[in-house]
Every structure is written in C-alpha cells, then in structure tokens.
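K.L.:
I'd like to ask some things about the structure below.
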Amino acid sequence: MKHKMRSLSSTAIIAIVVVVIIVAVAGIYLASRGGAPSTTTPTTTTTQKTTSPTTTATNTSAYPKQIYIGLVEPLTGNYAVFGQEAQQAAQLIVDIINNELGGIKSMGGAKLVLVTEDAGGAPETARLAAQKLISNYNVPIMLGAYVSRFTSAMAAVTEQNKVILVTDALVDSLTQQGWQYIFRVAPKASAHGKAAADFVLDMAKKTNTTIKTAVVLNEDSIFGTSVANGAVLELVSNGVEIASHITYPYDISDVTPIINQIKQLNADVLISVPYFNDGVLIAKAIQASGLKFAFIAGAGACGYTDPDSIKAAGDAVLYYTNTYSYNPARPTQWNQKVVSAFEQRYGKMPTEGAGIIFYSLMTVYEALEKAGKMFPNDPLSPDHLKAAFQSLDLNDSNSIAAQLYPSGHIKFDASGDNLYPLTAILQVQNVNGTLTPVVVWPEAQPGFSPIFPRPGWTQTK
Amino acid sequence: MISPELLLQNSVDGIFLGLFYSLVAMGLALIFGVMDIINFAHGDLLMIAAYFVWLTSVDLSVDPTVTALLLIPLFFIIGIGIFFGMIQPVLGKEPLIQIAVTVGLGLILQNIALAMFKAQPKAVPYSIFNFSYSLGPLTIYASKLFIAVISIVTMYALNVFLNKTYIGLAMRSTTDNREVAQLMGINTRMLYAVTFGLGVALIALSSSLWMTFGQVQPYLGTSFSLISWVIVAMGGLGGITGVVYSGLIVGVAESLGSLFLTPSARMAVVYIIFFLVLWFRPRGLFGRR
C-alpha cells in the first residue's frame, strides 16, 4: 500500500514538474514577447522615499519647494545591468542640479527629488511602477524605462495622466504612436544600425578595403531588429550583399550553431547587434572558431565595448566596435565634469545606460527652467511643460544638456524625437597593455584613430 | 540550403552539448531518484558555483577547469549543509512544501547573487581551451570536446560508484524501495545527506566546465533548472542511462533546431520532443515506476 502511495506520489511529482515547466516556458516566451503576466516573474520593488512630501506639484500661488521626478528602470531581472546604471546616473545629475546649479532657478530654486521604481522583468510591472509614481508623488515628469516594451506599457499610464515621459528606450516606433507627452533625446535604434554600417563603409573607403558581403546578426527583440534593419538598409543601399541575416534570443546560452552557420558564409563583415549576455558569448565563440572578418562592428550600444564586457570577454573583443548614444570622451567642459564625477562616485566609466540619462535628465532641467520663465504662474501643468520642451533649442554654448549630447544640439520635432541625433563609435583598443574603449568615429578622440580592417585579416577576394 | 558539412558540424556540437546537459542534470536525477525531493534550486546552485569559479579563476589567475579541484569538495560540504538545514525538515512532507523550500532557496541565491555581483554577467576572460581545430570539414571546439570527455568520464565513474560501492548500492536500493532499504539497516538520513552533497558537487563540476566558454549572471539558474528538469522527466527515473540519452536528445535537438529553424526556435524543438515523449511514454524513456 505504502509502495503504491510512493508510486502515486512520484507520478504526482512528475506531473507537477511538467506543469511547472509548461508555465515557466510559457512565462519566458510571453515575457520575451512583451506580454508576460505579472504573476509569473517575482520582482522586487525599490523606492527611494523622499524626506517630506509636503508640497504639491502644481502650486499656482508660489513656486514648489521640490519637484518630484519619476524614474522607472529595470533594477532587477535580465535588464538590470542598464537600469541600475541609469539609476546611478539619475541620482548624480539630480545632485548636480540641486547642489551645484541651485535647483530650478526660474522656480525659486525648487529642488528636484528623484523617486525610483523598479520596472522588474515585465511590461506590466513597468506600467504598475509608473502608476505608483503618479499616485504617490504626482510626478509631472518621468524618465524610463530603457526597454522599449516597458516604455510602451508606461506610456499608456503617462499619456492618460498627462505626465511628460522622457524615454531612454530607442525603438523607432515609440515616438510614432501619436502620443502627446513623450520626448526622446537619444538617437533612435535604426540610427544606431545606420551608424555602424556608415562607419564600416567609410573606413573601407578610406583604407581601400573591398566590402562585398556582410552577415547581420541580432538578438530578436524589437530593439535588436530595429537596429539591424537600420544597418541592412544602409548596407544594401550602398551595394553590399547581405549574405545572411540571423536572429536569436538574447538569453541564448550556446552560440556555436550560429557561428558554424556564419563560418560557411565566408562574408567580409559582421554587423552584430547583441544585448549584454550574448555579446560575450559571441566574441568568445568567434575567437575560439578562428573565424576571420575584415571587420566586426557592433551596433545598438549593448555589449562588446563597455567595461564589463571587456572584463568578461578579454581579448576576444579586441578591435570590436559599437555605436553609442553617448560619447564619454566628448571634450566639453560639462561632459568631462560629469564623467569624472560619475567615475569618482561609482568607480567605473559611464556607459550607454548612464549617458542617456545624463543628457535626458539635464534636458528635463532645461525644460523646467524654461517652463518657469514661460509660465511663471503654473509652470508644471502638463501642457505648459510640453510647450517648454518643444521650445527648447539647445546647443553647446547655451546648455549643459547639449554639452553632454554627442551632436551638441537638442531640439525636438513634432513627434518628440531629437532633430539632431548622433551616435559615437567606440572601439576596443590595446592602450598600454590594457583593453580600453576609445571613441574613433565620426571624430576620433585625441591620440587615437580607428583600427580598420582587423589586424590579421587579408583580402582574399 | 543546409550543407551536409553543416549538418554534421551541428550534430557533433549537439552531442557535445547534450553530454554536458546530462552532467548538469545528473545531480538533480540523483537527488530526485534517491530522496523524492524536487530541487528547484538546482540551477541556482549551479549559478552560485559559477560565481565561485569566476571569483577563484580571476583572483588566482587559473583556468576555470582547475577550480573544480577546490569546488567539488567545497560544494559537497555545502550540499550536506543545505540538506541538514533546509531539506531534512521537509522530508516526507507534501511535495508542495518541498517545492516551496527549494524555490525559496533558489530565490535567496538569486538575490544574494544580484546584491553581491549586480546584474552584469561575469565570464572568465581566458581559458586554455578557447581554441578550435579542424578535422576534415569539422571544426572541433576544444572547450566543448573537453567538457564532453569530462562528462563521459564523470558519468562512468558515477556508474561504477552506484554499482560497485556500498554507498552507491545503498543509494540504488533506496531509490527502488526506501522502506525495504531501511529494514536492511541502511541509515537513510546519512545516505540522503551524502546524496544531496554528491548532487551539489556534480553541479560544482558542471559550473567549472561551463565557465570555460559560458558566463554567469544571477538568472542563469532558471534556464539550467528548466533544461535539467526536462532531461530528468524525459529520461524517466532510469538511472544514468536515461539521463544520458535524454541529455543527448536535448542537446542534438537544440543544435539542429537552431540550424533547421532559427536560433530563436531551438528550444521550441526541445520542448515539442519533450511533450511528445511524455505523451507516448508518460513515465519517460527509461521510466521504471
């Protein structure tokens, strides 16, 4: 009898395991497609509580003493690598605005208070996080959420509540939804792909390297696809044949089958759009396989050239490039100051996640200053803030935000995108025996130049 | 058009990968088989072990494979500690309580990793096996070949252990019938502790091998837990043979799925095979009970 019970128990256990596997697989699939139910992924929510929420956001008789700025970023889960850096950057910029710039001067020196919520690992969590910031703090402006489908979920809430959303997500379509209160300073995804292709084509021309065929490889999110499509369009329009366009899930654990496939194609160039996890695997597998390309260009700012990828992949990423929405080497006074402050506070170089927040949040500062001047009686009303954003025309000489931006120029079009987007190309080079990311294009930082084609590659066709 | 060379290449890589998956799942199968415990923290223990590999390799500047010498005994002890601290109190309890405990352990480990190492993946930037050589039309990746060889050797050694040693035989008899084994004088409490320790030690070995080409981040365990459970459930509690065959099926299916469909669809092929196997053989390929 007891034996029978154990047998039944084993069957029950196997049944439970099968059910759990089905639920987990479905959850992962839905999460990767942007429809994960919130209950499938346990997430932690962190909130930086403020000291005294005594002021209202829209006080018409006097300026607010403090203005809440919401930040929703993935602080846990697979995307936390970017969200955590974004949070660090936001806190640094808020401290600079409050302590060095004296708050929002046009509003009587009102201080900014950063309130952060975790977007977790699913769009639904991001939406709830945005809702919480609006309900608890009545934030007039919110930033986030790096991952485009999280931003889409947030926008449903911010649009309904007329809250300005300054996004650090790059998928092109985010600003083409007819939303009224969304702004994006950073260059959109397709601009990254185009920049990677332009860099390769420009350098091939300068070095008399013949580029006839390319393989385009991207992780299969909307972001990866948008970036890759930008590269494909640019390559094809310049007469380069796409030998293959391969997509894969960003959480892939073994890339060997992909590298085997690429090896058969014998292409001149590889344009790769990785997330963070996959970039290290790809670089190491390419190195192990002995695969040679005239050049391997990353696009989309994730992986290959950031300090953590270099630490993890070692010399496997030597000479790799990637496109960045931010240029940490841009030689303007405020850019150097902010980079230095970030390095001092956090002990690392700011990368994409931090860089976008630097200039996006500083643009928020400029818009608040403008709103205070344009609408002194009600600067924080949604439409007044929107008007302030749309009136901005920032450049290196009149703004800190522009000094932090690669093109040095920020002005929004009707959809909320920056009219003057620019990405920088960083390349991993051996600088005095240390693998170091250096800016090489469109203008190389002093003392450096792009290394193109890859050393050890010879033109055979 | 897929060339025969590419088909052969992916099949060989799939076999190598499958042998590694078998090794990863072996610890889980052992614990499940002997103790009827569903260890949902299996993958997370591998993740923690992989962080140990990373720390040790980078600090001591040694190859990840060398760290196995330190990690196997260390994780054997850790496994025994986990057994007495967390598993023993829920032995014989409802499966759901056991699941709650091991899922909880997994979440604790995930959050410890997240707090200590942040979300950035860590990899060992060097390995003596980070090269390949050509064998006719085939590219043989040294790391994958080494992993496959170690997996085979380990599983053979485990087979000998289970069939030729007193403890191994005690484990097998307990797997077959716990009550009878107890009546024969087997100290099941100590046996469970050793089994759990051995299962966790196997995880440590897997993590050392994994880090020769892979990387670790706090959520690495989820995918390994899933794959391991698929292998164990598909193999049925058929001992080492079931796990090896099942692991090979998963590895080859993943590799060929990536080739014939897309890399994004590779796991779909694995899960379709998994469901088909369980549809026709609900107790798995080699299920005995």
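By convention here, the chains of the structure tokens are called A, B, ... in the order presented, each chain's residues are numbered starting at 1, and ligands are numbered starting at 1 in the order presented.
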Could you pull the residues within 10 Å of range 59-62 of chain B, counting only C-alpha atoms, minus those fewer than 3 positions along the same chain, as a tab-separated table (two decimals) with N, CA and C atoms, in the first residue's frame?

P.N.:
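After the write, selection20.tsv holds the following:
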```tsv
chain	number	residue	atom	x	y	z
B	53	VAL	N	33.52	29.91	-9.36
B	53	VAL	CA	34.50	29.62	-10.41
B	53	VAL	C	35.10	30.93	-10.92
B	54	TRP	N	34.22	31.86	-11.18
B	54	TRP	CA	34.67	33.16	-11.71
B	54	TRP	C	35.61	33.85	-10.72
B	55	LEU	N	35.17	33.92	-9.46
B	55	LEU	CA	35.99	34.58	-8.44
B	55	LEU	C	37.35	33.90	-8.31
B	56	THR	N	37.33	32.58	-8.21
B	56	THR	CA	38.57	31.83	-7.99
B	56	THR	C	39.49	31.96	-9.21
B	65	THR	N	38.74	25.31	-15.29
B	65	THR	CA	38.67	23.86	-15.04
B	65	THR	C	39.44	23.47	-13.77
B	66	VAL	N	40.49	24.24	-13.46
B	66	VAL	CA	41.30	23.93	-12.28
B	66	VAL	C	40.49	24.14	-11.00
B	67	THR	N	39.56	25.09	-11.05
B	67	THR	CA	38.78	25.42	-9.85
B	67	THR	C	37.93	24.24	-9.38
B	124	VAL	N	35.03	34.31	-17.35
B	124	VAL	CA	36.48	34.24	-17.18
B	124	VAL	C	37.09	34.58	-18.54
B	126	TYR	N	39.74	34.13	-19.99
B	126	TYR	CA	40.75	33.26	-20.62
B	126	TYR	C	40.43	31.81	-20.26
B	127	SER	N	40.82	30.93	-21.14
B	127	SER	CA	40.74	29.51	-20.86
B	127	SER	C	41.72	28.82	-21.81
B	128	ILE	N	42.42	27.82	-21.33
B	128	ILE	CA	43.36	27.14	-22.22
B	128	ILE	C	42.61	26.38	-23.30
```

K.L.:
Write out as JSON, numbers by chain which residues come within 8 Å of Ser22 in chain B when counting only C-alpha atoms, dropping same-chain ones fewer than 3 positions away.

P.N.:
{"B": [18, 19, 25, 26, 151, 228, 231, 243, 244, 246, 247, 248]}

K.L.:
Listing only residues of chain A within 6 Å of chain B, what is the closest atom pair and its distance in Å (to one decimal) for each, using only C-alpha atoms, sorted by chain and residue number ascending, as JSON lines?

P.N.:
```
{"residue": "A:Ala80", "atom": "CA", "partner": "B:Ala119", "partner_atom": "CA", "distance": 5.6}
{"residue": "A:Val81", "atom": "CA", "partner": "B:Ala119", "partner_atom": "CA", "distance": 4.9}
{"residue": "A:Tyr248", "atom": "CA", "partner": "B:Ser264", "partner_atom": "CA", "distance": 4.6}
{"residue": "A:Pro249", "atom": "CA", "partner": "B:Ser264", "partner_atom": "CA", "distance": 5.1}
{"residue": "A:Ala288", "atom": "CA", "partner": "B:Phe131", "partner_atom": "CA", "distance": 4.1}
{"residue": "A:Ser289", "atom": "CA", "partner": "B:Ser132", "partner_atom": "CA", "distance": 5.5}
{"residue": "A:Ala312", "atom": "CA", "partner": "B:Ala123", "partner_atom": "CA", "distance": 4.4}
{"residue": "A:Ala313", "atom": "CA", "partner": "B:Pro125", "partner_atom": "CA", "distance": 4.7}
{"residue": "A:Gly314", "atom": "CA", "partner": "B:Pro125", "partner_atom": "CA", "distance": 4.5}
```

K.L.:
Name the residues in contact with range 162-168 of chain B at a cut-off of 10 Å, using only C-alpha atoms, excluding same-chain residues fewer than 6 positions from it; report them as a list in words.

P.N.:
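That gives Tyr156, Thr174, Ile186, Leu191, Val194, Thr195, Gly239 and Ile240 of chain B.
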
K.L.:
So which one's closest to Phe82 in chain A, A:Ile356, A:Ala155, A:Ala402, A:Val113? Using only C-alpha atoms, please.

P.N.:
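Closest residue, counting only C-alpha atoms: A:Ile356.
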
K.L.:
Would you pick out the contacts of Asp198 in chain A at 10 Å or less, using only C-alpha atoms, so that residues sharing its chain but fewer than 3 positions from it are not included, and give the list as a list in words?

P.N.:
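In the requested format, the answer is His192, Gly193, Lys194, Ala195, Leu201, Asp202, Met203, Ala204, Ala231, Glu234, Leu235, Asn238 and Pro442 of chain A.
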
K.L.:
Any idea what's packed within 8 Å of range 394-398 of chain A, counting only C-alpha atoms, ignoring anything in its chain fewer than 2 positions away? Could you give it as a VMD selection string?

P.N.:
chain A and resid 332 392 400 to 403 408 to 411

K.L.:
Take the residues from that selection and put them in a file with N, CA, C and O atoms, as a PDB file, in the first residue's frame.

P.N.:
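part_9.pdb was written with the following content:
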```
ATOM      1  N   THR A 332      33.755  68.506 -23.975  1.00  0.00           N
ATOM      2  CA  THR A 332      33.135  69.740 -23.498  1.00  0.00           C
ATOM      3  C   THR A 332      33.317  69.812 -21.979  1.00  0.00           C
ATOM      4  O   THR A 332      33.504  68.774 -21.318  1.00  0.00           O
ATOM      5  N   LEU A 392      12.531  74.194 -26.666  1.00  0.00           N
ATOM      6  CA  LEU A 392      13.978  74.105 -26.424  1.00  0.00           C
ATOM      7  C   LEU A 392      14.758  74.079 -27.738  1.00  0.00           C
ATOM      8  O   LEU A 392      14.367  73.423 -28.702  1.00  0.00           O
ATOM      9  N   ILE A 400      23.870  72.913 -20.716  1.00  0.00           N
ATOM     10  CA  ILE A 400      24.670  71.795 -20.191  1.00  0.00           C
ATOM     11  C   ILE A 400      24.248  70.513 -20.886  1.00  0.00           C
ATOM     12  O   ILE A 400      25.077  69.676 -21.241  1.00  0.00           O
ATOM     13  N   ALA A 401      22.927  70.343 -21.099  1.00  0.00           N
ATOM     14  CA  ALA A 401      22.422  69.115 -21.716  1.00  0.00           C
ATOM     15  C   ALA A 401      23.081  68.891 -23.073  1.00  0.00           C
ATOM     16  O   ALA A 401      23.501  67.773 -23.398  1.00  0.00           O
ATOM     17  N   ALA A 402      23.164  69.941 -23.870  1.00  0.00           N
ATOM     18  CA  ALA A 402      23.766  69.805 -25.202  1.00  0.00           C
ATOM     19  C   ALA A 402      25.239  69.426 -25.108  1.00  0.00           C
ATOM     20  O   ALA A 402      25.748  68.678 -25.940  1.00  0.00           O
ATOM     21  N   GLN A 403      25.905  69.946 -24.096  1.00  0.00           N
ATOM     22  CA  GLN A 403      27.321  69.598 -23.920  1.00  0.00           C
ATOM     23  C   GLN A 403      27.512  68.109 -23.611  1.00  0.00           C
ATOM     24  O   GLN A 403      28.570  67.553 -23.824  1.00  0.00           O
ATOM     25  N   GLY A 408      25.850  67.738 -29.767  1.00  0.00           N
ATOM     26  CA  GLY A 408      25.877  69.085 -29.176  1.00  0.00           C
ATOM     27  C   GLY A 408      24.668  69.923 -29.552  1.00  0.00           C
ATOM     28  O   GLY A 408      24.702  71.155 -29.460  1.00  0.00           O
ATOM     29  N   HIS A 409      23.594  69.288 -29.953  1.00  0.00           N
ATOM     30  CA  HIS A 409      22.413  70.042 -30.392  1.00  0.00           C
ATOM     31  C   HIS A 409      21.154  69.243 -30.051  1.00  0.00           C
ATOM     32  O   HIS A 409      21.033  68.078 -30.432  1.00  0.00           O
ATOM     33  N   ILE A 410      20.239  69.865 -29.336  1.00  0.00           N
ATOM     34  CA  ILE A 410      18.990  69.190 -28.958  1.00  0.00           C
ATOM     35  C   ILE A 410      17.815  70.100 -29.292  1.00  0.00           C
ATOM     36  O   ILE A 410      17.732  71.241 -28.813  1.00  0.00           O
ATOM     37  N   LYS A 411      16.945  69.603 -30.140  1.00  0.00           N
ATOM     38  CA  LYS A 411      15.710  70.325 -30.476  1.00  0.00           C
ATOM     39  C   LYS A 411      14.702  69.270 -30.908  1.00  0.00           C
ATOM     40  O   LYS A 411      15.036  68.385 -31.696  1.00  0.00           O
TER      41      LYS A 411
END
```

K.L.:
Which of range 164-352 of chain A counts as alpha helix (DSSP H) under DSSP, as a count of residues only please?

P.N.:
80

K.L.:
Check the smallest atom-to-atom distance from each of A:Ala196, A:Leu114, A:Leu291, A:Val147 to Leu75 in chain A using only C-alpha atoms, then report the winner.

P.N.:
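Closest candidate: A:Val147.
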
K.L.:
How many Å separate CA of Val270 in chain B from CA of Thr102 in chain B?

P.N.:
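Separation between CA of Val270 in chain B and CA of Thr102 in chain B: 25.0 Å.
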
K.L.:
Just how far from CA of Tyr63 in chain A is CA of Gly108 in chain A, in Å to one decimal?

P.N.:
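These two atoms are separated by 6.2 Å.
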
K.L.:
As a PDB file with N, CA, C and O atoms, in the first residue's frame, please: all residues of range 235-330 of chain A that backbone DSSP puts in strand (DSSP E or B).

P.N.:
```pdb
ATOM      1  N   GLU A 241      26.066  43.111 -50.345  1.00  0.00           N
ATOM      2  CA  GLU A 241      25.122  41.995 -50.327  1.00  0.00           C
ATOM      3  C   GLU A 241      25.015  41.440 -48.901  1.00  0.00           C
ATOM      4  O   GLU A 241      26.026  41.260 -48.219  1.00  0.00           O
ATOM      5  N   ILE A 242      23.795  41.192 -48.462  1.00  0.00           N
ATOM      6  CA  ILE A 242      23.599  40.605 -47.128  1.00  0.00           C
ATOM      7  C   ILE A 242      23.629  39.075 -47.290  1.00  0.00           C
ATOM      8  O   ILE A 242      22.675  38.469 -47.780  1.00  0.00           O
ATOM      9  N   ALA A 243      24.734  38.473 -46.894  1.00  0.00           N
ATOM     10  CA  ALA A 243      24.889  37.020 -47.058  1.00  0.00           C
ATOM     11  C   ALA A 243      23.883  36.275 -46.188  1.00  0.00           C
ATOM     12  O   ALA A 243      23.371  35.227 -46.574  1.00  0.00           O
ATOM     13  N   SER A 244      23.613  36.806 -45.028  1.00  0.00           N
ATOM     14  CA  SER A 244      22.596  36.210 -44.158  1.00  0.00           C
ATOM     15  C   SER A 244      22.229  37.197 -43.054  1.00  0.00           C
ATOM     16  O   SER A 244      23.071  37.974 -42.610  1.00  0.00           O
ATOM     17  N   HIS A 245      20.982  37.159 -42.662  1.00  0.00           N
ATOM     18  CA  HIS A 245      20.507  37.980 -41.535  1.00  0.00           C
ATOM     19  C   HIS A 245      19.957  37.008 -40.499  1.00  0.00           C
ATOM     20  O   HIS A 245      18.891  36.437 -40.684  1.00  0.00           O
ATOM     21  N   ILE A 246      20.717  36.812 -39.442  1.00  0.00           N
ATOM     22  CA  ILE A 246      20.374  35.785 -38.450  1.00  0.00           C
ATOM     23  C   ILE A 246      19.880  36.452 -37.165  1.00  0.00           C
ATOM     24  O   ILE A 246      20.485  37.412 -36.691  1.00  0.00           O
ATOM     25  N   THR A 247      18.792  35.924 -36.624  1.00  0.00           N
ATOM     26  CA  THR A 247      18.303  36.439 -35.342  1.00  0.00           C
ATOM     27  C   THR A 247      18.330  35.320 -34.307  1.00  0.00           C
ATOM     28  O   THR A 247      18.274  34.141 -34.649  1.00  0.00           O
ATOM     29  N   TYR A 248      18.400  35.707 -33.057  1.00  0.00           N
ATOM     30  CA  TYR A 248      18.458  34.720 -31.971  1.00  0.00           C
ATOM     31  C   TYR A 248      17.919  35.372 -30.704  1.00  0.00           C
ATOM     32  O   TYR A 248      17.902  36.601 -30.607  1.00  0.00           O
ATOM     33  N   VAL A 269      32.221  41.127 -43.690  1.00  0.00           N
ATOM     34  CA  VAL A 269      31.968  41.921 -42.488  1.00  0.00           C
ATOM     35  C   VAL A 269      30.851  41.296 -41.665  1.00  0.00           C
ATOM     36  O   VAL A 269      29.925  40.712 -42.221  1.00  0.00           O
ATOM     37  N   LEU A 270      30.963  41.431 -40.361  1.00  0.00           N
ATOM     38  CA  LEU A 270      29.870  41.017 -39.475  1.00  0.00           C
ATOM     39  C   LEU A 270      29.356  42.253 -38.747  1.00  0.00           C
ATOM     40  O   LEU A 270      30.128  42.973 -38.112  1.00  0.00           O
ATOM     41  N   ILE A 271      28.063  42.504 -38.906  1.00  0.00           N
ATOM     42  CA  ILE A 271      27.419  43.553 -38.108  1.00  0.00           C
ATOM     43  C   ILE A 271      26.588  42.825 -37.058  1.00  0.00           C
ATOM     44  O   ILE A 271      25.692  42.050 -37.391  1.00  0.00           O
ATOM     45  N   SER A 272      26.895  43.057 -35.807  1.00  0.00           N
ATOM     46  CA  SER A 272      26.252  42.312 -34.730  1.00  0.00           C
ATOM     47  C   SER A 272      25.534  43.250 -33.769  1.00  0.00           C
ATOM     48  O   SER A 272      26.096  44.264 -33.346  1.00  0.00           O
ATOM     49  N   VAL A 273      24.294  42.902 -33.476  1.00  0.00           N
ATOM     50  CA  VAL A 273      23.512  43.713 -32.526  1.00  0.00           C
ATOM     51  C   VAL A 273      23.219  42.841 -31.311  1.00  0.00           C
ATOM     52  O   VAL A 273      22.196  42.155 -31.259  1.00  0.00           O
ATOM     53  N   PHE A 295      36.048  43.068 -40.707  1.00  0.00           N
ATOM     54  CA  PHE A 295      35.685  43.854 -39.529  1.00  0.00           C
ATOM     55  C   PHE A 295      34.451  43.267 -38.850  1.00  0.00           C
ATOM     56  O   PHE A 295      33.583  42.691 -39.499  1.00  0.00           O
ATOM     57  N   ILE A 296      34.421  43.426 -37.529  1.00  0.00           N
ATOM     58  CA  ILE A 296      33.242  43.041 -36.748  1.00  0.00           C
ATOM     59  C   ILE A 296      32.753  44.303 -36.042  1.00  0.00           C
ATOM     60  O   ILE A 296      33.456  44.851 -35.188  1.00  0.00           O
ATOM     61  N   ALA A 297      31.601  44.770 -36.467  1.00  0.00           N
ATOM     62  CA  ALA A 297      31.066  46.016 -35.913  1.00  0.00           C
ATOM     63  C   ALA A 297      29.812  45.731 -35.111  1.00  0.00           C
ATOM     64  O   ALA A 297      28.858  45.149 -35.630  1.00  0.00           O
ATOM     65  N   GLY A 298      29.822  46.123 -33.861  1.00  0.00           N
ATOM     66  CA  GLY A 298      28.621  46.022 -33.050  1.00  0.00           C
ATOM     67  C   GLY A 298      27.729  47.225 -33.313  1.00  0.00           C
ATOM     68  O   GLY A 298      28.187  48.261 -33.801  1.00  0.00           O
ATOM     69  N   THR A 321      33.857  47.148 -32.357  1.00  0.00           N
ATOM     70  CA  THR A 321      33.293  48.488 -32.151  1.00  0.00           C
ATOM     71  C   THR A 321      31.834  48.360 -31.723  1.00  0.00           C
ATOM     72  O   THR A 321      31.236  47.298 -31.857  1.00  0.00           O
ATOM     73  N   ASN A 322      31.304  49.460 -31.229  1.00  0.00           N
ATOM     74  CA  ASN A 322      29.861  49.526 -31.010  1.00  0.00           C
ATOM     75  C   ASN A 322      29.415  50.979 -31.114  1.00  0.00           C
ATOM     76  O   ASN A 322      30.223  51.893 -30.949  1.00  0.00           O
ATOM     77  N   THR A 323      28.165  51.149 -31.439  1.00  0.00           N
ATOM     78  CA  THR A 323      27.610  52.500 -31.547  1.00  0.00           C
ATOM     79  C   THR A 323      27.065  52.914 -30.189  1.00  0.00           C
ATOM     80  O   THR A 323      26.464  52.095 -29.491  1.00  0.00           O
ATOM     81  N   TYR A 324      27.269  54.139 -29.835  1.00  0.00           N
ATOM     82  CA  TYR A 324      26.822  54.615 -28.521  1.00  0.00           C
ATOM     83  C   TYR A 324      25.931  55.840 -28.665  1.00  0.00           C
ATOM     84  O   TYR A 324      26.201  56.721 -29.470  1.00  0.00           O
TER      85      TYR A 324
END
```

K.L.:
So which one's closest to Ala193 in chain B, B:Gly79, B:Pro64, B:Gly136, B:Gly27? Using only C-alpha atoms, please.

P.N.:
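So, comparing all the options, the nearest one is B:Gly79.
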
K.L.:
If we count only C-alpha atoms, what is near Val255 in chain A at a cut-off of 10 Å, once residues fewer than 3 positions away on the same chain are taken out, given as number ranges by chain?

P.N.:
A: 248, 252, 258-260, 278-279, 281-286; B: 214, 255, 258, 263

K.L.:
Have a look at CA of Val24 in chain B and CA of Ser253 in chain A and let me know their distance in Å, one decimal.

P.N.:
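The value is 13.9 Å.
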
K.L.:
Between A:Met107, A:Ile96, A:Asn277, A:Gly121, which one has atoms that come closest to Thr76 in chain A, using only C-alpha atoms?

P.N.:
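Closest to Thr76 in chain A, using only C-alpha atoms: A:Gly121.
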